[in-house]
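Trainee: The structure file start28.txt (compact mmCIF, C-alpha atoms and all ligand atoms) is provided below.
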```txt
# COMPACT_ATOMS: atom_id res chain seq x y z
CA MET A 101 38.34 15.67 19.67
CA SER A 102 35.62 15.28 22.28
CA ALA A 103 32.53 14.50 20.17
CA GLN A 104 31.06 11.02 19.86
CA ILE A 105 31.04 9.79 16.28
CA ILE A 106 27.60 8.85 14.94
CA ASP A 107 28.27 5.73 12.88
CA GLY A 108 25.78 5.93 10.00
CA LYS A 109 27.46 3.07 8.17
CA ALA A 110 26.83 0.65 11.03
CA PHE A 111 23.29 1.98 11.61
CA ALA A 112 22.50 1.57 7.89
CA ALA A 113 23.85 -2.00 7.88
CA ALA A 114 21.63 -2.89 10.86
CA LEU A 115 18.62 -1.24 9.18
CA ARG A 116 19.21 -3.24 5.98
CA GLU A 117 19.35 -6.41 8.07
CA ARG A 118 16.00 -5.56 9.69
CA VAL A 119 14.53 -4.82 6.23
CA ALA A 120 15.79 -8.19 4.96
CA GLY A 121 14.00 -9.96 7.83
CA VAL A 122 10.76 -8.11 7.14
CA ALA A 123 11.14 -8.76 3.38
CA ALA A 124 11.36 -12.51 4.06
CA SER A 125 8.18 -12.49 6.15
CA PHE A 126 6.44 -10.36 3.49
CA GLU A 127 7.35 -12.94 0.84
CA ALA A 128 5.92 -15.74 3.00
CA ALA A 129 2.68 -13.81 3.60
CA ALA A 130 2.15 -12.35 0.12
CA GLY A 131 3.51 -15.22 -2.01
CA ARG A 132 5.82 -12.83 -3.88
CA LYS A 133 8.85 -10.69 -3.19
CA ALA A 134 8.54 -6.93 -2.62
CA GLY A 135 9.73 -5.08 -5.74
CA LEU A 136 11.54 -1.79 -6.41
CA ALA A 137 11.70 -0.32 -9.92
CA VAL A 138 14.50 2.15 -10.65
CA VAL A 139 14.45 4.21 -13.84
CA LEU A 140 17.66 5.77 -15.12
CA VAL A 141 17.59 8.12 -18.10
CA GLY A 142 20.95 8.84 -19.74
CA GLU A 143 24.48 8.06 -18.63
CA ASP A 144 25.34 10.48 -15.83
CA PRO A 145 28.27 8.68 -14.10
CA ALA A 146 27.22 9.55 -10.52
CA SER A 147 23.63 8.42 -11.22
CA GLN A 148 24.93 5.14 -12.69
CA VAL A 149 26.85 4.45 -9.47
CA TYR A 150 23.77 5.21 -7.30
CA VAL A 151 21.54 2.99 -9.44
CA ARG A 152 24.04 0.12 -9.35
CA ASN A 153 24.29 0.35 -5.55
CA LYS A 154 20.50 0.48 -5.17
CA HIS A 155 20.16 -2.61 -7.38
CA LYS A 156 22.78 -4.60 -5.41
CA GLN A 157 21.37 -3.67 -2.00
CA THR A 158 17.76 -4.34 -3.06
CA ILE A 159 18.67 -7.88 -4.11
CA ALA A 160 20.79 -8.39 -0.97
CA CYS A 161 17.70 -7.54 1.13
CA GLY A 162 15.68 -10.27 -0.62
CA MET A 163 13.59 -7.96 -2.81
CA GLU A 164 13.10 -7.81 -6.59
CA SER A 165 14.97 -5.05 -8.40
CA PHE A 166 13.59 -3.92 -11.78
CA GLU A 167 16.06 -1.71 -13.62
CA HIS A 168 14.94 0.39 -16.58
CA LYS A 169 17.64 2.23 -18.47
CA LEU A 170 16.55 4.67 -21.16
CA PRO A 171 18.84 6.59 -23.53
CA ALA A 172 19.38 10.31 -22.80
CA GLU A 173 17.43 11.28 -25.94
CA THR A 174 14.26 9.38 -24.86
CA SER A 175 11.17 11.57 -25.15
CA GLU A 176 9.33 12.69 -22.03
CA ALA A 177 6.24 10.88 -23.38
CA ASN A 178 8.18 7.59 -23.44
CA LEU A 179 9.32 8.06 -19.85
CA LEU A 180 5.78 8.94 -18.70
CA ALA A 181 4.46 5.81 -20.45
CA LEU A 182 7.03 3.67 -18.60
CA VAL A 183 6.04 5.25 -15.26
CA GLU A 184 2.35 4.50 -16.01
CA GLN A 185 3.26 0.90 -16.82
CA LEU A 186 5.12 0.58 -13.49
CA ASN A 187 2.17 2.20 -11.65
CA ALA A 188 -0.07 -0.57 -13.05
CA ASP A 189 2.36 -3.45 -12.38
CA PRO A 190 1.38 -5.34 -9.19
CA ALA A 191 4.95 -6.72 -8.84
CA VAL A 192 6.26 -3.16 -8.39
CA ASP A 193 5.79 -1.69 -4.90
CA GLY A 194 8.17 1.23 -5.19
CA ILE A 195 9.15 3.42 -8.15
CA LEU A 196 12.20 5.66 -8.19
CA VAL A 197 13.12 7.86 -11.13
CA GLN A 198 16.78 8.79 -10.70
CA LEU A 199 17.32 12.56 -10.77
CA PRO A 200 18.54 14.71 -12.41
CA LEU A 201 16.67 14.08 -15.68
CA PRO A 202 17.92 15.41 -19.03
CA SER A 203 17.04 19.08 -19.58
CA HIS A 204 14.30 18.38 -22.18
CA MET A 205 12.19 16.74 -19.44
CA ASP A 206 10.00 18.36 -16.79
CA GLU A 207 11.05 16.68 -13.52
CA GLN A 208 7.97 17.83 -11.60
CA LYS A 209 5.67 16.41 -14.28
CA VAL A 210 7.49 13.06 -14.21
CA ILE A 211 7.35 12.85 -10.40
CA ALA A 212 3.66 13.84 -10.45
CA THR A 213 2.96 10.84 -12.71
CA ILE A 214 4.23 8.32 -10.14
CA ASN A 215 1.44 6.75 -8.06
CA PRO A 216 1.96 8.47 -4.64
CA ASP A 217 1.55 5.09 -2.92
CA LYS A 218 4.57 3.79 -4.88
CA ASP A 219 6.57 7.04 -4.49
CA VAL A 220 9.22 5.62 -2.13
CA ASP A 221 11.42 8.73 -2.64
CA GLY A 222 8.62 10.86 -1.13
CA PHE A 223 8.99 13.62 -3.75
CA HIS A 224 5.39 13.60 -5.09
CA VAL A 225 3.40 16.67 -3.99
CA VAL A 226 0.84 14.37 -2.38
CA ASN A 227 3.55 12.95 -0.12
CA VAL A 228 4.97 16.43 0.53
CA GLY A 229 1.46 17.43 1.65
CA ARG A 230 1.03 14.29 3.75
CA LEU A 231 4.31 15.03 5.55
CA ALA A 232 3.28 18.65 6.14
CA THR A 233 -0.12 17.64 7.55
CA GLY A 234 1.03 14.62 9.55
CA ALA A 235 -0.78 12.06 7.35
CA ARG A 236 0.71 8.66 6.51
CA GLY A 237 2.77 8.77 3.32
CA PHE A 238 6.38 8.45 2.22
CA VAL A 239 9.17 10.68 3.48
CA PRO A 240 12.34 11.52 1.48
CA CYS A 241 15.06 9.03 2.36
CA THR A 242 17.99 11.28 3.32
CA PRO A 243 16.14 13.44 5.91
CA LEU A 244 14.30 10.41 7.31
CA GLY A 245 17.72 8.75 7.76
CA CYS A 246 18.96 11.86 9.60
CA VAL A 247 16.01 11.72 12.04
CA MET A 248 16.63 8.01 12.67
CA LEU A 249 20.27 8.79 13.58
CA LEU A 250 19.20 11.69 15.83
CA LYS A 251 16.60 9.63 17.70
CA ASP A 252 19.04 6.78 18.10
CA LYS A 253 21.58 9.15 19.67
CA LEU A 254 19.32 11.48 21.67
CA GLY A 255 16.09 9.56 22.32
CA SER A 256 13.25 12.11 22.44
CA LEU A 257 13.92 15.28 20.44
CA SER A 258 10.98 17.11 22.02
CA GLY A 259 11.66 20.75 22.89
CA LEU A 260 15.17 20.83 21.43
CA ASP A 261 16.27 23.80 19.32
CA ALA A 262 17.09 22.60 15.79
CA VAL A 263 18.68 24.59 12.98
CA VAL A 264 18.51 23.19 9.45
CA ILE A 265 20.89 24.92 7.03
CA GLY A 266 19.48 24.53 3.51
CA ARG A 267 15.90 24.62 2.20
CA SER A 268 15.93 22.26 -0.79
CA ASN A 269 12.87 20.13 -1.53
CA ILE A 270 14.86 16.91 -1.15
CA VAL A 271 16.69 17.61 2.11
CA GLY A 272 16.21 20.93 3.94
CA LYS A 273 12.41 21.36 3.80
CA PRO A 274 11.43 17.75 4.61
CA MET A 275 14.11 17.73 7.34
CA ALA A 276 12.49 20.78 8.95
CA GLN A 277 9.02 19.14 8.74
CA LEU A 278 10.30 15.95 10.36
CA LEU A 279 11.99 17.83 13.22
CA LEU A 280 8.81 19.83 13.76
CA ALA A 281 6.86 16.57 13.92
CA GLU A 282 9.33 15.48 16.63
CA SER A 283 8.39 18.67 18.54
CA CYS A 284 11.69 20.49 18.01
CA THR A 285 11.72 24.28 17.74
CA VAL A 286 12.93 24.55 14.15
CA THR A 287 14.80 27.32 12.36
CA VAL A 288 15.49 26.95 8.64
CA ALA A 289 18.55 28.90 7.47
CA HIS A 290 19.56 29.52 3.84
CA SER A 291 21.75 31.74 1.68
CA ARG A 292 19.91 34.92 2.75
CA THR A 293 20.06 34.21 6.50
CA LYS A 294 21.64 37.04 8.52
CA ASP A 295 24.36 36.09 11.00
CA LEU A 296 24.36 32.36 10.27
CA PRO A 297 27.00 31.59 12.96
CA GLY A 298 24.78 33.35 15.54
CA VAL A 299 21.72 31.35 14.43
CA VAL A 300 23.64 28.04 14.50
CA ARG A 301 25.05 28.82 17.98
CA ARG A 302 21.53 28.61 19.48
CA ALA A 303 20.98 25.05 18.26
CA ASP A 304 20.98 21.79 20.20
CA ILE A 305 20.72 20.04 16.80
CA VAL A 306 22.42 21.31 13.63
CA VAL A 307 21.64 19.74 10.26
CA ALA A 308 23.88 21.05 7.47
CA ALA A 309 22.59 20.46 3.90
CA VAL A 310 24.25 23.21 1.93
CA GLY A 311 26.74 21.79 -0.58
CA ARG A 312 29.62 24.04 0.59
CA PRO A 313 32.75 22.21 1.75
CA GLU A 314 33.50 22.59 5.49
CA MET A 315 31.43 25.79 5.81
CA VAL A 316 30.17 25.26 9.38
CA LYS A 317 33.03 25.86 11.84
CA GLY A 318 33.48 24.59 15.37
CA ASP A 319 33.18 28.08 16.87
CA TRP A 320 29.66 28.39 15.35
CA LEU A 321 28.43 25.54 17.58
CA LYS A 322 26.89 25.48 21.04
CA PRO A 323 29.11 23.16 23.13
CA GLY A 324 27.59 19.66 23.20
CA ALA A 325 25.38 20.19 20.11
CA THR A 326 24.51 17.20 17.92
CA VAL A 327 25.68 17.79 14.35
CA ILE A 328 24.31 15.99 11.30
CA ASP A 329 26.38 16.68 8.20
CA VAL A 330 24.44 15.88 5.01
CA GLY A 331 26.97 17.50 2.66
CA ILE A 332 28.95 15.44 0.17
CA ASN A 333 31.64 17.55 -1.47
CA ARG A 334 34.63 16.36 -3.47
CA VAL A 335 37.71 18.53 -2.92
CA PRO A 336 41.36 18.23 -3.98
CA ALA A 337 43.41 16.00 -1.63
CA ALA A 338 46.92 16.75 -0.37
CA GLU A 339 48.33 14.26 -2.87
CA GLU A 340 48.61 15.73 -6.37
CA GLY A 341 45.73 14.75 -8.68
CA LYS A 342 43.71 12.97 -5.94
CA THR A 343 40.40 14.04 -4.40
CA ARG A 344 38.65 13.35 -1.10
CA LEU A 345 35.12 13.72 0.26
CA VAL A 346 34.27 16.31 2.89
CA GLY A 347 30.96 17.44 4.39
CA ASP A 348 29.45 20.89 4.88
CA VAL A 349 30.88 20.93 8.41
CA ASP A 350 34.55 21.49 9.26
CA PHE A 351 34.94 18.16 11.05
CA ALA A 352 38.28 18.97 12.72
CA SER A 353 37.07 22.08 14.56
CA ALA A 354 33.43 20.93 15.01
CA SER A 355 34.37 17.64 16.66
CA ASP A 356 36.14 19.59 19.44
CA VAL A 357 32.91 21.38 20.38
CA ALA A 358 30.01 19.12 19.38
CA GLY A 359 28.61 16.41 21.66
CA ALA A 360 28.08 14.05 18.71
CA ILE A 361 28.73 14.37 14.98
CA THR A 362 28.32 12.37 11.77
CA PRO A 363 31.53 11.89 9.77
CA VAL A 364 31.78 12.25 5.98
CA PRO A 365 32.00 9.65 4.54
CA GLY A 366 30.32 7.07 6.77
CA GLY A 367 27.61 9.24 8.37
CA VAL A 368 24.42 10.26 6.57
CA GLY A 369 25.52 8.96 3.14
CA PRO A 370 24.96 5.21 3.75
CA MET A 371 21.54 5.90 5.32
CA THR A 372 19.87 7.04 2.09
CA ILE A 373 19.68 3.67 0.31
CA ALA A 374 18.93 1.79 3.54
CA VAL A 375 15.92 4.08 4.12
CA LEU A 376 14.86 3.64 0.48
CA LEU A 377 14.73 -0.13 1.05
CA ARG A 378 12.81 0.47 4.29
CA ASN A 379 10.30 2.66 2.44
CA THR A 380 9.93 -0.02 -0.24
CA ILE A 381 9.13 -2.81 2.21
CA VAL A 382 6.62 -0.50 3.92
CA ALA A 383 5.03 0.25 0.50
CA ALA A 384 4.84 -3.48 -0.25
CA HIS A 385 2.87 -4.20 2.92
CA ARG A 386 0.51 -1.28 2.39
CA ASN A 387 -0.06 -2.04 -1.30
CA ALA A 388 -0.58 -5.77 -0.74
CA GLY A 389 -2.77 -5.19 2.33
CA VAL A 390 -0.45 -7.29 4.52
CA ALA A 391 -0.52 -6.22 8.19
CA PHE A 392 2.79 -5.00 9.58
CA ASP A 393 3.99 -2.98 12.56
CA GLU A 394 5.66 0.02 10.87
P1 LIG A 401 20.74 22.42 -2.91
O1 LIG A 401 21.83 23.05 -3.70
O2 LIG A 401 19.46 22.07 -3.57
O3 LIG A 401 20.38 23.38 -1.65
C1 LIG A 401 21.40 24.00 -0.93
C2 LIG A 401 20.79 24.90 0.12
O4 LIG A 401 21.86 25.52 0.83
C3 LIG A 401 19.91 26.03 -0.44
O5 LIG A 401 18.72 26.12 0.29
C4 LIG A 401 20.78 27.27 -0.29
O6 LIG A 401 20.05 28.45 0.00
C5 LIG A 401 21.63 26.92 0.92
N1 LIG A 401 22.89 27.66 0.90
C6 LIG A 401 23.76 27.79 -0.11
N2 LIG A 401 24.80 28.57 0.25
C7 LIG A 401 24.58 28.94 1.53
C8 LIG A 401 25.28 29.73 2.45
N3 LIG A 401 26.45 30.32 2.14
N4 LIG A 401 24.75 29.89 3.68
C9 LIG A 401 23.59 29.33 4.02
N5 LIG A 401 22.88 28.55 3.17
C10 LIG A 401 23.36 28.35 1.95
O7 LIG A 401 21.41 21.16 -2.21
P2 LIG A 401 20.76 19.78 -1.63
O8 LIG A 401 19.82 20.10 -0.53
O9 LIG A 401 20.32 18.93 -2.74
O10 LIG A 401 22.08 19.10 -1.03
C11 LIG A 401 22.83 19.71 0.00
C12 LIG A 401 24.07 18.86 0.26
O11 LIG A 401 23.69 17.57 0.67
C13 LIG A 401 24.97 18.66 -0.97
O12 LIG A 401 26.32 18.60 -0.53
C14 LIG A 401 24.57 17.28 -1.48
O13 LIG A 401 25.61 16.61 -2.16
C15 LIG A 401 24.25 16.57 -0.18
N6 LIG A 401 23.28 15.47 -0.31
C16 LIG A 401 23.60 14.27 0.28
C17 LIG A 401 22.74 13.20 0.22
C18 LIG A 401 23.11 11.95 0.91
O14 LIG A 401 23.81 11.94 1.86
N7 LIG A 401 22.68 10.82 0.48
C19 LIG A 401 21.46 13.29 -0.51
C20 LIG A 401 21.18 14.62 -1.01
C21 LIG A 401 22.08 15.66 -0.92
P3 LIG A 401 19.04 29.15 -1.06
O15 LIG A 401 17.80 28.29 -1.05
O16 LIG A 401 18.84 30.51 -0.48
O17 LIG A 401 19.75 29.13 -2.38
```
Represent the structure contained in this file as C-alpha cells.

Mentor:
Amino acid sequence: MSAQIIDGKAFAAALRERVAGVAASFEAAAGRKAGLAVVLVGEDPASQVYVRNKHKQTIACGMESFEHKLPAETSEANLLALVEQLNADPAVDGILVQLPLPSHMDEQKVIATINPDKDVDGFHVVNVGRLATGARGFVPCTPLGCVMLLKDKLGSLSGLDAVVIGRSNIVGKPMAQLLLAESCTVTVAHSRTKDLPGVVRRADIVVAAVGRPEMVKGDWLKPGATVIDVGINRVPAAEEGKTRLVGDVDFASASDVAGAITPVPGGVGPMTIAVLLRNTIVAAHRNAGVAFDE
C-alpha cells in the first residue's frame, strides 16, 4: 500500500470540537443555545441509529436537540403541520426530516415545506438553486464533508480533473457543483457512462457515490489520484453469519495506486453528522443576526 489514508474520523472529531467552541460563543451572544430539530417518521432501524447519533452529538456540541418521533401511519398533513410549527419556532435553527419517509408521503413536498433558511440538510430546491448559482445557502452534508477532506489534503483544487461517479440529488449532483465551484474540471459518471474505467483514469480526484461494493478497482486509477469513497455497503464477512462494511472502491487494489484515499469505515461516514452540526451553528448565527466568520 502506498496511498496516504485520509482520516475522516479524526477530521470530523476536530470539526465537532470547533463547532462546540462556536456554539458556546453563540450562546453567550444570543442568550440561548443553537437548536436542531430532527423529525423521524416510523421505525426504520437504520434511521433510528442515525437519529440517535445526531441527538447525542448535537448535545455534546452544546446545542439543543429537539427530537420528534411520529408513528409510521402519521398522515402527511400531520407531518407538514409539525414542520410548519418548527419553521415558526425561534428556538429551532435547523430542521432535518430523516429520509426515507413512508411511501404514503411525498418527500419533495415535505422538504419544500421546510423554511430554506432552516434547511440544514440543503435538500430544499431553493438551496439546490443557491448552490448552483453560487449564492449563500446550505449545502448537503455528505458532499460538503468530502470537499473539506479534499481541501485539507490537497489545498487548492483549482484546475484539477475530478470524476464523480453517481448523480443522486443527495451526493453526486451537489458534489459535482461543489467541485465546479472549486474550479475543478468536473465529469459526472453514472450507470449509462461508456468506458467508466477509461473516464476514471483521467481523474486527479475520484469521488465514488454509487452503492456498489468495491466496484472501482486500482487499475482504473491514475497513479497518485486522490480517492474519496462515499459508499457504505454491508457485505458478508469471512466468518459465517457476520457482515462487514465496504465502500464503492476496492480499497486493497486502489490503495496501491492512489496518492490518498478515504477508508470505509472511518473516512467520509463520520463527516456527515459533523457537517450537519456545522450547518446548524451557521444557521443559528444567520437566523439570530449574530455576526460570525463562516
Ligand atoms: P443512489 O442509489 O441514489 O445513486 C447511485 C448512483 O450511482 C446513481 O446515479 C447511479 O446511476 C449510479 N450507478 C449505479 N450503478 C452504477 C454503475 N454500475 N456504474 C456507474 N454508476 C452507477 O445512491 P446515493 O447517492 O444515495 O448513495 C451512494 C452511496 O453512498 C451508497 O453506498 C450510500 O450508502 C452512500 N452514502 C453514504 C453517506 C455517508 O457517508 N454519510 C450518505 C449518503 C450516501 P443512475 O443515476 O444512472 O441510476

Trainee: Just the residues within 7 Å of Gln104 of chain A, please, counting only C-alpha atoms, with nothing from its chain fewer than 6 positions along; format it as a list in words.

Mentor: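 The contact residues come out as Gly359, Ala360 and Ile361 of chain A.
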
Trainee: My list of candidates is A:Gly135, A:Pro365, A:Pro336, A:Gly341. Which is closest to ligand LIG 401 (chain A) when distances are computed with only C-alpha atoms and all ligand atoms?

Mentor: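 Counting only C-alpha atoms and all ligand atoms, the residue closest to ligand LIG 401 (chain A) is A:Pro365.
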
Trainee: Identify which of the residues A:Val247, A:Leu196, A:Leu257, A:Ala110 lies closest to Phe223 of chain A, counting all atoms listed in the file when measuring atom-to-atom distances.

Mentor: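 With all atoms listed in the file as the atom set, the closest residue is A:Leu196.
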
Trainee: Could you please extract the residues within 6 Å of ligand LIG 401 (chain A), counting all atoms listed in the file, and hand them back as a PDB file with C-alpha atoms, in the frame of the given file?

Mentor:
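Okay, this is what ended up in part_3.pdb:
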```pdb
ATOM      1  CA  THR A 242      17.990  11.280   3.320  1.00  0.00           C
ATOM      2  CA  ILE A 265      20.890  24.920   7.030  1.00  0.00           C
ATOM      3  CA  GLY A 266      19.480  24.530   3.510  1.00  0.00           C
ATOM      4  CA  ARG A 267      15.900  24.620   2.200  1.00  0.00           C
ATOM      5  CA  SER A 268      15.930  22.260  -0.790  1.00  0.00           C
ATOM      6  CA  ILE A 270      14.860  16.910  -1.150  1.00  0.00           C
ATOM      7  CA  VAL A 271      16.690  17.610   2.110  1.00  0.00           C
ATOM      8  CA  GLY A 272      16.210  20.930   3.940  1.00  0.00           C
ATOM      9  CA  HIS A 290      19.560  29.520   3.840  1.00  0.00           C
ATOM     10  CA  SER A 291      21.750  31.740   1.680  1.00  0.00           C
ATOM     11  CA  ARG A 292      19.910  34.920   2.750  1.00  0.00           C
ATOM     12  CA  ALA A 309      22.590  20.460   3.900  1.00  0.00           C
ATOM     13  CA  VAL A 310      24.250  23.210   1.930  1.00  0.00           C
ATOM     14  CA  GLY A 311      26.740  21.790  -0.580  1.00  0.00           C
ATOM     15  CA  VAL A 330      24.440  15.880   5.010  1.00  0.00           C
ATOM     16  CA  GLY A 331      26.970  17.500   2.660  1.00  0.00           C
ATOM     17  CA  ILE A 332      28.950  15.440   0.170  1.00  0.00           C
ATOM     18  CA  ASN A 333      31.640  17.550  -1.470  1.00  0.00           C
ATOM     19  CA  VAL A 368      24.420  10.260   6.570  1.00  0.00           C
ATOM     20  CA  GLY A 369      25.520   8.960   3.140  1.00  0.00           C
ATOM     21  CA  THR A 372      19.870   7.040   2.090  1.00  0.00           C
TER      22      THR A 372
END
```

Trainee: Give me the residues near Glu127 of chain A as a ChimeraX atom specification, where near means some atom within 9 Å (using all atoms listed in the file) and where sequence neighbours in that chain fewer than 6 positions away do not count.

Mentor: /A:133-134,162-163

Trainee: Choose the residue, out of A:Val192, A:Ala281, A:Val197, A:Val225, that has the smallest atom-to-atom separation from Arg132 of chain A; count all atoms listed in the file.

Mentor: A:Val192

Trainee: Enumerate, in order of chain and increasing residue number, the residues of segment 320-390 of chain A with an atom no farther than 12 Å from segment 210-217 of chain A, each with its shortest atom pair and distance in Å to one decimal, counting all atoms listed in the file, as a Markdown table.

Mentor:
```
| residue | atom | partner | partner_atom | distance |
| --- | --- | --- | --- | --- |
| A:Asn379 | CA | A:Asp217 | CA | 10.5 |
| A:Thr380 | CA | A:Asp217 | CA | 10.2 |
| A:Val382 | CA | A:Asp217 | CA | 10.2 |
| A:Ala383 | CA | A:Asp217 | CA | 6.9 |
| A:Ala384 | CA | A:Asp217 | CA | 9.6 |
| A:His385 | CA | A:Asp217 | CA | 11.1 |
| A:Arg386 | CA | A:Asp217 | CA | 8.4 |
| A:Asn387 | CA | A:Asp217 | CA | 7.5 |
| A:Ala388 | CA | A:Asp217 | CA | 11.3 |
```

Trainee: Using only C-alpha atoms, pick whichever of A:Ala128, A:Ala358, A:Ala232, A:Ala160 has the shortest atom-to-atom distance to Leu279 of chain A.

Mentor: A:Ala232

Trainee: Provide the atom CA of Ala137 of chain A to atom CA of His168 of chain A distance in Å, to one decimal place.

Mentor: 7.4 Å

Trainee: Between atom CA of Leu376 of chain A and atom CA of Asp144 of chain A, what is the spacing in Å?

Mentor: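 If I compute the distance from atom CA of Asp144 of chain A to atom CA of Leu376 of chain A, I get 20.6 Å.
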
Trainee: Separation of atom CA of Ala129 of chain A and atom CA of Gly194 of chain A, in Å?

Mentor: 18.3 Å
